[in-house]
$ cat entry-v7.pdb   # PDB, C-alpha atoms, pLDDT in the B column
ATOM      1  CA  MET A   1    -165.226  60.849  35.006  1.00 72.00           C
ATOM      2  CA  ASP A   2    -164.889  61.401  31.253  1.00 85.00           C
ATOM      3  CA  LEU A   3    -162.092  62.455  28.901  1.00 91.00           C
ATOM      4  CA  ASP A   4    -163.458  65.974  28.455  1.00 89.00           C
ATOM      5  CA  GLU A   5    -163.465  66.576  32.203  1.00 90.00           C
ATOM      6  CA  VAL A   6    -159.946  65.209  32.671  1.00 92.00           C
ATOM      7  CA  ALA A   7    -158.552  67.179  29.716  1.00 92.00           C
ATOM      8  CA  GLY A   8    -160.045  70.357  31.160  1.00 90.00           C
ATOM      9  CA  ARG A   9    -158.147  69.823  34.404  1.00 91.00           C
ATOM     10  CA  LEU A  10    -154.871  68.839  32.751  1.00 93.00           C
ATOM     11  CA  TYR A  11    -154.654  71.684  30.235  1.00 93.00           C
ATOM     12  CA  ALA A  12    -155.255  74.207  33.002  1.00 90.00           C
ATOM     13  CA  LEU A  13    -151.919  73.155  34.556  1.00 91.00           C
ATOM     14  CA  PRO A  14    -148.452  74.584  33.751  1.00 90.00           C
ATOM     15  CA  PRO A  15    -146.465  72.346  31.367  1.00 91.00           C
ATOM     16  CA  SER A  16    -144.076  71.384  34.182  1.00 92.00           C
ATOM     17  CA  GLU A  17    -146.950  69.737  36.095  1.00 93.00           C
ATOM     18  CA  PHE A  18    -148.745  68.176  33.144  1.00 94.00           C
ATOM     19  CA  THR A  19    -146.989  64.819  32.765  1.00 94.00           C
ATOM     20  CA  ALA A  20    -147.215  63.772  36.422  1.00 95.00           C
ATOM     21  CA  ALA A  21    -150.856  64.848  36.598  1.00 94.00           C
ATOM     22  CA  ARG A  22    -151.678  62.980  33.385  1.00 94.00           C
ATOM     23  CA  GLU A  23    -150.132  59.778  34.757  1.00 95.00           C
ATOM     24  CA  ALA A  24    -152.066  60.164  38.004  1.00 94.00           C
ATOM     25  CA  GLU A  25    -155.346  60.671  36.108  1.00 93.00           C
ATOM     26  CA  ALA A  26    -154.652  57.628  33.913  1.00 93.00           C
ATOM     27  CA  ARG A  27    -153.939  55.480  36.981  1.00 94.00           C
ATOM     28  CA  ALA A  28    -157.105  56.679  38.680  1.00 93.00           C
ATOM     29  CA  ALA A  29    -159.178  55.799  35.609  1.00 92.00           C
ATOM     30  CA  LYS A  30    -157.548  52.387  35.375  1.00 92.00           C
ATOM     31  CA  ASP A  31    -158.076  51.701  39.075  1.00 92.00           C
ATOM     32  CA  ALA A  32    -161.734  52.605  38.553  1.00 91.00           C
ATOM     33  CA  GLY A  33    -162.005  49.891  35.899  1.00 91.00           C
ATOM     34  CA  GLU A  34    -162.008  52.311  32.943  1.00 92.00           C
ATOM     35  CA  ALA A  35    -159.052  50.998  30.956  1.00 92.00           C
ATOM     36  CA  GLY A  36    -160.226  52.608  27.708  1.00 92.00           C
ATOM     37  CA  LEU A  37    -160.438  56.030  29.344  1.00 92.00           C
ATOM     38  CA  ALA A  38    -157.006  55.484  30.894  1.00 92.00           C
ATOM     39  CA  ARG A  39    -155.531  54.861  27.441  1.00 93.00           C
ATOM     40  CA  GLU A  40    -157.187  57.991  26.039  1.00 94.00           C
ATOM     41  CA  ILE A  41    -155.847  60.074  28.930  1.00 93.00           C
ATOM     42  CA  ALA A  42    -152.344  58.699  28.357  1.00 93.00           C
ATOM     43  CA  LYS A  43    -152.520  59.933  24.731  1.00 93.00           C
ATOM     44  CA  LEU A  44    -153.074  63.574  25.754  1.00 94.00           C
ATOM     45  CA  ARG A  45    -150.050  65.602  24.695  1.00 94.00           C
ATOM     46  CA  LYS A  46    -148.111  67.891  26.992  1.00 94.00           C
ATOM     47  CA  PRO A  47    -148.646  71.511  25.862  1.00 94.00           C
ATOM     48  CA  THR A  48    -145.826  73.714  24.691  1.00 94.00           C
ATOM     49  CA  VAL A  49    -145.215  76.919  26.631  1.00 92.00           C
ATOM     50  CA  SER A  50    -146.908  79.022  23.939  1.00 91.00           C
ATOM     51  CA  ALA A  51    -149.927  76.704  23.740  1.00 92.00           C
ATOM     52  CA  TRP A  52    -150.288  76.779  27.530  1.00 92.00           C
ATOM     53  CA  ALA A  53    -150.102  80.585  27.508  1.00 91.00           C
ATOM     54  CA  VAL A  54    -153.026  80.769  25.058  1.00 92.00           C
ATOM     55  CA  ASN A  55    -154.953  78.145  27.074  1.00 92.00           C
ATOM     56  CA  ARG A  56    -154.485  80.293  30.179  1.00 91.00           C
ATOM     57  CA  VAL A  57    -156.012  83.330  28.477  1.00 90.00           C
ATOM     58  CA  SER A  58    -159.073  81.309  27.455  1.00 90.00           C
ATOM     59  CA  ARG A  59    -159.656  80.523  31.152  1.00 90.00           C
ATOM     60  CA  GLU A  60    -158.539  83.724  32.858  1.00 91.00           C
ATOM     61  CA  HIS A  61    -159.658  86.317  30.271  1.00 92.00           C
ATOM     62  CA  PRO A  62    -162.635  84.772  28.445  1.00 92.00           C
ATOM     63  CA  ASP A  63    -164.247  88.146  27.629  1.00 93.00           C
ATOM     64  CA  GLU A  64    -161.176  89.559  25.894  1.00 92.00           C
ATOM     65  CA  LEU A  65    -160.654  86.320  23.979  1.00 92.00           C
ATOM     66  CA  ALA A  66    -164.343  86.261  22.986  1.00 93.00           C
ATOM     67  CA  GLU A  67    -163.935  89.795  21.581  1.00 93.00           C
ATOM     68  CA  LEU A  68    -160.955  88.665  19.499  1.00 93.00           C
ATOM     69  CA  LEU A  69    -162.797  85.619  18.154  1.00 93.00           C
ATOM     70  CA  ASP A  70    -165.873  87.742  17.400  1.00 93.00           C
ATOM     71  CA  VAL A  71    -163.748  90.115  15.322  1.00 91.00           C
ATOM     72  CA  GLY A  72    -162.354  87.102  13.486  1.00 91.00           C
ATOM     73  CA  GLU A  73    -165.823  85.732  12.755  1.00 92.00           C
ATOM     74  CA  ARG A  74    -167.009  89.086  11.419  1.00 91.00           C
ATOM     75  CA  LEU A  75    -163.836  89.466   9.339  1.00 89.00           C
ATOM     76  CA  ARG A  76    -164.397  86.076   7.727  1.00 89.00           C
ATOM     77  CA  ALA A  77    -167.973  87.069   6.913  1.00 90.00           C
ATOM     78  CA  ALA A  78    -166.787  90.367   5.403  1.00 89.00           C
ATOM     79  CA  TRP A  79    -164.210  88.519   3.306  1.00 86.00           C
ATOM     80  CA  GLN A  80    -166.912  86.166   2.099  1.00 85.00           C
ATOM     81  CA  GLU A  81    -169.212  89.063   1.163  1.00 86.00           C
ATOM     82  CA  GLN A  82    -166.385  91.174  -0.267  1.00 84.00           C
ATOM     83  CA  ASP A  83    -167.504  94.095   1.928  1.00 86.00           C
ATOM     84  CA  ALA A  84    -164.586  96.535   1.627  1.00 86.00           C
ATOM     85  CA  ASP A  85    -165.959  99.047   4.181  1.00 87.00           C
ATOM     86  CA  ALA A  86    -166.529  96.359   6.809  1.00 88.00           C
ATOM     87  CA  LEU A  87    -163.097  94.908   6.117  1.00 87.00           C
ATOM     88  CA  ALA A  88    -161.412  98.271   6.664  1.00 87.00           C
ATOM     89  CA  GLU A  89    -163.183  98.830  10.004  1.00 89.00           C
ATOM     90  CA  LEU A  90    -162.682  95.268  11.248  1.00 89.00           C
ATOM     91  CA  THR A  91    -159.013  95.289  10.269  1.00 88.00           C
ATOM     92  CA  ARG A  92    -158.495  98.308  12.548  1.00 88.00           C
ATOM     93  CA  ARG A  93    -160.342  96.547  15.373  1.00 89.00           C
ATOM     94  CA  ARG A  94    -158.326  93.395  14.733  1.00 89.00           C
ATOM     95  CA  SER A  95    -155.039  95.194  15.403  1.00 88.00           C
ATOM     96  CA  ALA A  96    -156.339  96.763  18.607  1.00 90.00           C
ATOM     97  CA  VAL A  97    -157.833  93.555  19.998  1.00 91.00           C
ATOM     98  CA  MET A  98    -154.801  91.475  18.991  1.00 89.00           C
ATOM     99  CA  GLY A  99    -152.580  93.904  20.872  1.00 88.00           C
ATOM    100  CA  LYS A 100    -154.769  93.738  23.986  1.00 90.00           C
ATOM    101  CA  VAL A 101    -154.960  89.934  24.060  1.00 90.00           C
ATOM    102  CA  GLY A 102    -151.260  89.640  23.258  1.00 85.00           C
ATOM    103  CA  ARG A 103    -150.424  91.842  26.261  1.00 87.00           C
ATOM    104  CA  LEU A 104    -152.591  89.668  28.507  1.00 86.00           C
ATOM    105  CA  VAL A 105    -150.673  86.600  27.359  1.00 82.00           C
ATOM    106  CA  ARG A 106    -147.297  88.214  27.995  1.00 80.00           C
ATOM    107  CA  GLN A 107    -148.058  89.969  31.269  1.00 79.00           C
ATOM    108  CA  GLU A 108    -147.423  86.785  33.267  1.00 68.00           C
ATOM    109  CA  GLY A 109    -143.862  86.728  31.947  1.00 64.00           C
ATOM    110  CA  GLY A 110    -141.677  83.714  31.259  1.00 72.00           C
ATOM    111  CA  LEU A 111    -142.212  83.643  27.483  1.00 84.00           C
ATOM    112  CA  SER A 112    -139.215  83.540  25.184  1.00 88.00           C
ATOM    113  CA  ALA A 113    -139.235  85.561  21.968  1.00 87.00           C
ATOM    114  CA  ALA A 114    -139.932  82.358  20.008  1.00 90.00           C
ATOM    115  CA  ALA A 115    -142.839  81.395  22.281  1.00 89.00           C
ATOM    116  CA  ALA A 116    -144.305  84.914  22.046  1.00 88.00           C
ATOM    117  CA  ALA A 117    -144.148  84.694  18.247  1.00 89.00           C
ATOM    118  CA  GLU A 118    -145.970  81.359  18.392  1.00 91.00           C
ATOM    119  CA  VAL A 119    -148.673  82.954  20.562  1.00 90.00           C
ATOM    120  CA  ASP A 120    -149.206  85.685  17.944  1.00 89.00           C
ATOM    121  CA  GLN A 121    -149.268  83.049  15.209  1.00 91.00           C
ATOM    122  CA  THR A 122    -151.909  81.061  17.100  1.00 92.00           C
ATOM    123  CA  LEU A 123    -154.108  84.101  17.701  1.00 91.00           C
ATOM    124  CA  GLU A 124    -153.837  85.110  14.033  1.00 90.00           C
ATOM    125  CA  SER A 125    -154.888  81.600  13.049  1.00 91.00           C
ATOM    126  CA  ALA A 126    -157.934  81.884  15.322  1.00 91.00           C
ATOM    127  CA  ILE A 127    -158.943  85.100  13.553  1.00 91.00           C
ATOM    128  CA  VAL A 128    -158.587  83.712  10.045  1.00 89.00           C
ATOM    129  CA  ASP A 129    -159.767  80.116  10.509  1.00 90.00           C
ATOM    130  CA  ALA A 130    -163.021  79.039  12.219  1.00 90.00           C
ATOM    131  CA  GLU A 131    -161.658  75.628  13.235  1.00 92.00           C
ATOM    132  CA  ALA A 132    -158.620  77.231  14.870  1.00 91.00           C
ATOM    133  CA  ALA A 133    -160.949  79.654  16.674  1.00 92.00           C
ATOM    134  CA  GLY A 134    -162.841  76.702  18.149  1.00 93.00           C
ATOM    135  CA  GLN A 135    -159.633  75.083  19.391  1.00 93.00           C
ATOM    136  CA  VAL A 136    -158.436  78.300  21.011  1.00 93.00           C
ATOM    137  CA  ARG A 137    -161.845  78.848  22.646  1.00 93.00           C
ATOM    138  CA  ARG A 138    -161.738  75.365  24.254  1.00 92.00           C
ATOM    139  CA  GLY A 139    -158.398  76.133  25.899  1.00 92.00           C
ATOM    140  CA  ARG A 140    -156.819  72.719  25.333  1.00 92.00           C
ATOM    141  CA  LEU A 141    -154.062  73.396  22.832  1.00 94.00           C
ATOM    142  CA  ALA A 142    -151.044  71.127  22.934  1.00 94.00           C
ATOM    143  CA  LYS A 143    -149.064  73.054  20.316  1.00 94.00           C
ATOM    144  CA  PRO A 144    -149.241  76.429  18.569  1.00 92.00           C
ATOM    145  CA  LEU A 145    -151.515  76.778  15.560  1.00 92.00           C
ATOM    146  CA  SER A 146    -150.653  78.078  12.121  1.00 85.00           C
ATOM    147  CA  TYR A 147    -152.715  78.935   9.065  1.00 75.00           C
ATOM    148  CA  SER A 148    -151.345  78.299   5.606  1.00 65.00           C
ATOM    149  CA  GLY A 149    -154.314  79.661   3.633  1.00 57.00           C
ATOM    150  CA  PHE A 150    -154.995  83.252   2.707  1.00 50.00           C
ATOM    151  CA  ALA A 151    -157.809  85.751   3.041  1.00 50.00           C
ATOM    152  CA  PRO A 152    -159.525  86.832  -0.197  1.00 41.00           C
ATOM    153  CA  ALA A 153    -159.071  90.402  -1.325  1.00 41.00           C
ATOM    154  CA  PRO A 154    -161.836  92.827  -0.335  1.00 45.00           C
ATOM    155  CA  VAL A 155    -162.512  93.954  -3.893  1.00 41.00           C
ATOM    156  CA  ARG A 156    -162.854  91.727  -6.922  1.00 44.00           C
ATOM    157  CA  ARG A 157    -160.764  92.655  -9.921  1.00 41.00           C
ATOM    158  CA  GLU A 158    -161.090  91.344 -13.428  1.00 42.00           C
ATOM    159  CA  ARG A 159    -158.143  89.309 -14.533  1.00 48.00           C
ATOM    160  CA  PRO A 160    -156.802  89.630 -18.053  1.00 49.00           C
ATOM    161  CA  ALA A 161    -157.800  86.782 -20.334  1.00 52.00           C
ATOM    162  CA  LYS A 162    -155.170  84.097 -20.593  1.00 60.00           C
ATOM    163  CA  ARG A 163    -154.056  82.713 -23.890  1.00 65.00           C
ATOM    164  CA  PRO A 164    -154.810  79.027 -24.371  1.00 70.00           C
ATOM    165  CA  PRO A 165    -151.787  76.774 -23.649  1.00 73.00           C
ATOM    166  CA  SER A 166    -149.781  75.395 -26.541  1.00 80.00           C
ATOM    167  CA  GLU A 167    -149.657  71.657 -27.200  1.00 78.00           C
ATOM    168  CA  GLU A 168    -146.224  71.469 -25.623  1.00 81.00           C
ATOM    169  CA  GLU A 169    -147.381  73.362 -22.537  1.00 81.00           C
ATOM    170  CA  ALA A 170    -150.469  71.172 -22.275  1.00 79.00           C
ATOM    171  CA  ARG A 171    -148.344  68.019 -22.546  1.00 79.00           C
ATOM    172  CA  LYS A 172    -145.941  69.215 -19.850  1.00 83.00           C
ATOM    173  CA  ARG A 173    -148.845  70.138 -17.621  1.00 84.00           C
ATOM    174  CA  GLU A 174    -150.382  66.682 -18.035  1.00 83.00           C
ATOM    175  CA  GLU A 175    -147.042  65.035 -17.262  1.00 83.00           C
ATOM    176  CA  ALA A 176    -146.614  67.180 -14.154  1.00 87.00           C
ATOM    177  CA  GLU A 177    -150.128  66.379 -12.973  1.00 86.00           C
ATOM    178  CA  ALA A 178    -149.593  62.652 -13.609  1.00 82.00           C
ATOM    179  CA  ARG A 179    -146.331  62.765 -11.637  1.00 80.00           C
ATOM    180  CA  LYS A 180    -148.056  64.553  -8.778  1.00 84.00           C
ATOM    181  CA  ALA A 181    -150.824  61.945  -8.817  1.00 82.00           C
ATOM    182  CA  ARG A 182    -148.276  59.118  -8.601  1.00 81.00           C
ATOM    183  CA  GLU A 183    -146.414  60.848  -5.787  1.00 82.00           C
ATOM    184  CA  ARG A 184    -149.665  61.325  -3.897  1.00 81.00           C
ATOM    185  CA  GLU A 185    -150.602  57.671  -4.381  1.00 79.00           C
ATOM    186  CA  GLU A 186    -147.191  56.616  -3.076  1.00 78.00           C
ATOM    187  CA  ALA A 187    -147.499  58.984  -0.122  1.00 80.00           C
ATOM    188  CA  GLU A 188    -150.985  57.699   0.674  1.00 77.00           C
ATOM    189  CA  ALA A 189    -149.783  54.089   0.487  1.00 76.00           C
ATOM    190  CA  ALA A 190    -146.866  54.874   2.791  1.00 76.00           C
ATOM    191  CA  HIS A 191    -149.198  56.643   5.194  1.00 75.00           C
ATOM    192  CA  ARG A 192    -151.603  53.703   5.250  1.00 75.00           C
ATOM    193  CA  GLU A 193    -148.719  51.339   5.920  1.00 75.00           C
ATOM    194  CA  TRP A 194    -147.326  53.372   8.801  1.00 73.00           C
ATOM    195  CA  GLN A 195    -150.771  54.072  10.161  1.00 72.00           C
ATOM    196  CA  ALA A 196    -151.402  50.328  10.323  1.00 73.00           C
ATOM    197  CA  ALA A 197    -148.011  49.845  11.956  1.00 72.00           C
ATOM    198  CA  LEU A 198    -148.834  52.551  14.490  1.00 69.00           C
ATOM    199  CA  GLU A 199    -152.189  50.985  15.346  1.00 73.00           C
ATOM    200  CA  SER A 200    -150.527  47.587  15.719  1.00 74.00           C
ATOM    201  CA  ALA A 201    -147.823  49.045  17.969  1.00 71.00           C
ATOM    202  CA  VAL A 202    -150.418  50.779  20.138  1.00 67.00           C
ATOM    203  CA  ARG A 203    -152.424  47.558  20.498  1.00 73.00           C
ATOM    204  CA  GLU A 204    -149.288  45.593  21.351  1.00 77.00           C
ATOM    205  CA  ARG A 205    -148.208  48.206  23.904  1.00 73.00           C
ATOM    206  CA  ASP A 206    -151.666  48.251  25.522  1.00 69.00           C
ATOM    207  CA  GLU A 207    -151.873  44.459  25.673  1.00 77.00           C
ATOM    208  CA  ARG A 208    -148.439  44.192  27.277  1.00 81.00           C
ATOM    209  CA  ALA A 209    -149.246  46.998  29.691  1.00 72.00           C
ATOM    210  CA  GLU A 210    -152.353  45.079  30.751  1.00 76.00           C
ATOM    211  CA  ARG A 211    -150.300  41.902  31.236  1.00 82.00           C
ATOM    212  CA  VAL A 212    -147.699  43.784  33.266  1.00 77.00           C
ATOM    213  CA  ALA A 213    -150.443  45.298  35.416  1.00 75.00           C
ATOM    214  CA  ALA A 214    -151.977  41.839  35.970  1.00 81.00           C
ATOM    215  CA  LEU A 215    -148.581  40.427  36.924  1.00 86.00           C
ATOM    216  CA  GLU A 216    -147.981  43.318  39.287  1.00 81.00           C
ATOM    217  CA  ARG A 217    -151.315  42.636  40.963  1.00 83.00           C
ATOM    218  CA  LYS A 218    -150.422  38.936  41.308  1.00 87.00           C
ATOM    219  CA  LEU A 219    -146.992  39.859  42.642  1.00 86.00           C
ATOM    220  CA  GLY A 220    -148.588  42.146  45.206  1.00 84.00           C
ATOM    221  CA  LYS A 221    -150.862  39.359  46.388  1.00 86.00           C
ATOM    222  CA  ALA A 222    -147.941  36.909  46.504  1.00 86.00           C
ATOM    223  CA  ARG A 223    -145.865  39.364  48.555  1.00 86.00           C
ATOM    224  CA  LYS A 224    -148.772  39.751  50.962  1.00 87.00           C
ATOM    225  CA  ARG A 225    -149.071  35.982  51.350  1.00 88.00           C
ATOM    226  CA  LEU A 226    -145.290  35.731  51.869  1.00 88.00           C
ATOM    227  CA  THR A 227    -145.459  38.356  54.591  1.00 88.00           C
ATOM    228  CA  GLU A 228    -148.279  36.462  56.300  1.00 87.00           C
ATOM    229  CA  SER A 229    -146.274  33.222  56.099  1.00 87.00           C
ATOM    230  CA  GLN A 230    -143.222  34.972  57.544  1.00 88.00           C
ATOM    231  CA  GLN A 231    -145.337  36.273  60.409  1.00 88.00           C
ATOM    232  CA  ARG A 232    -146.702  32.802  61.134  1.00 88.00           C
ATOM    233  CA  LEU A 233    -143.145  31.417  61.020  1.00 87.00           C
ATOM    234  CA  GLU A 234    -141.948  33.968  63.581  1.00 86.00           C
ATOM    235  CA  VAL A 235    -144.863  33.143  65.890  1.00 85.00           C
ATOM    236  CA  ALA A 236    -144.201  29.392  65.577  1.00 85.00           C
ATOM    237  CA  ARG A 237    -140.482  29.865  66.292  1.00 88.00           C
ATOM    238  CA  ARG A 238    -141.192  31.968  69.358  1.00 85.00           C
ATOM    239  CA  GLU A 239    -143.750  29.557  70.769  1.00 83.00           C
ATOM    240  CA  GLU A 240    -141.529  26.527  70.049  1.00 84.00           C
ATOM    241  CA  ARG A 241    -138.661  28.220  71.892  1.00 85.00           C
ATOM    242  CA  HIS A 242    -140.853  28.958  74.909  1.00 83.00           C
ATOM    243  CA  ALA A 243    -142.133  25.377  74.960  1.00 84.00           C
ATOM    244  CA  ARG A 244    -138.564  24.024  74.812  1.00 83.00           C
ATOM    245  CA  GLN A 245    -137.516  26.264  77.667  1.00 86.00           C
ATOM    246  CA  ARG A 246    -140.334  24.934  79.858  1.00 86.00           C
ATOM    247  CA  LEU A 247    -139.152  21.352  79.184  1.00 85.00           C
ATOM    248  CA  GLY A 248    -135.705  22.181  80.418  1.00 69.00           C
TER     249      GLY A 248
END
$ encode --input "entry-v7.pdb" --output "structure tokens"
Amino acid sequence: MDLDEVAGRLYALPPSEFTAAREAEARAAKDAGEAGLAREIAKLRKPTVSAWAVNRVSREHPDELAELLDVGERLRAAWQEQDADALAELTRRRSAVMGKVGRLVRQEGGLSAAAAAEVDQTLESAIVDAEAAGQVRRGRLAKPLSYSGFAPAPVRRERPAKRPPSEEEARKREEAEARKAREREEAEAAHREWQAALESAVRERDERAERVAALERKLGKARKRLTESQQRLEVARREERHARQRLG
């Protein structure tokens, strides 16, 4: 058993079944002596409805999804090469394939308008961004994807020459950049601090979970021994009573 195998099983399930199945997989790994794997399984996030819908398409309609991702790959190449003719053709194909895959996602029903919009957003991200395409192809999304970048224009245009900034403009720009640098340093320091706190909290939780599990095992053994003692007591009482009756 490995994490990849377990994640494949879990993200094929509806969101309503995910949590119970994840706990069962984590227990099975722990019972098998793989505590590290159990912790990794426990970290897997329950998918949103829209993420699960996209995951389902990757499993049930791999050919249609592959066509969509292929169009995305060719579009990114055309953007890179500034090939206007290829961009025009691929943009038309993009709309058609997006519509087909979107219908496959929705045909099962049960998606709210917000979830359907998140599905479209995720598929658009897979077209524009190679990393997003890889995540969609694997079929293990826990949340919808979004892309904040932009595609370059298909034709390069010369920009008018800009006048050099004045001293005042240059000074203000330097001040703004310095302020941004300080804010970033503060944000990075805060992130490092909370990241360390998170790691410490995870370690503490895992250590205490291990101690609780050890205590539960000891308690189970103690209960078993108590039951055995109770059984021996009942036998002794019965035999003592029979022996006393024979004396009388």
$ atom_distance --input "entry-v7.pdb" --atom1 "atom CA of A:Thr19" --atom2 "atom CA of A:Ala35"
18.4 Å
$ residues_around --input "entry-v7.pdb" --residues "stretch 105-116 of chain A" --least-positions-apart "4" --cutoff "8 Å" --atoms "all atoms listed in the file" --output "PyMOL selection string"
chain A and resi 49-50+53-54+56-57+101+120
$ atom_distance --input "entry-v7.pdb" --atom1 "atom CA of A:Leu215" --atom2 "atom CA of A:Ala24"
20.1 Å
$ resolve_selection --input "entry-v7.pdb" --expression "the PyMOL selection byres ((chain A and resi 72-82) around 10)" --output "PyMOL selection string"
chain A and resi 66-71+83-91+93-94+123-130+133+151-156
$ residues_around --input "entry-v7.pdb" --residues "stretch 202-211 of chain A" --least-positions-apart "3" --cutoff "12 Å" --atoms "only C-alpha atoms" --output "MDAnalysis selection string"
chainID A and resid 30 33 35:36 38:40 42:43 195:199 214:218
$ atom_distance --input "entry-v7.pdb" --atom1 "atom CA of A:Ala26" --atom2 "atom CA of A:Val212"
15.5 Å
$ residues_around --input "entry-v7.pdb" --residues "A:Arg45" --least-positions-apart "5" --cutoff "12 Å" --atoms "only C-alpha atoms" --output "list in words"
Ala7, Leu10, Tyr11, Pro15, Phe18, Thr19, Ala21, Arg22, Glu23, Glu40, Ala51, Trp52, Arg140, Leu141, Ala142 and Lys143 of chain A
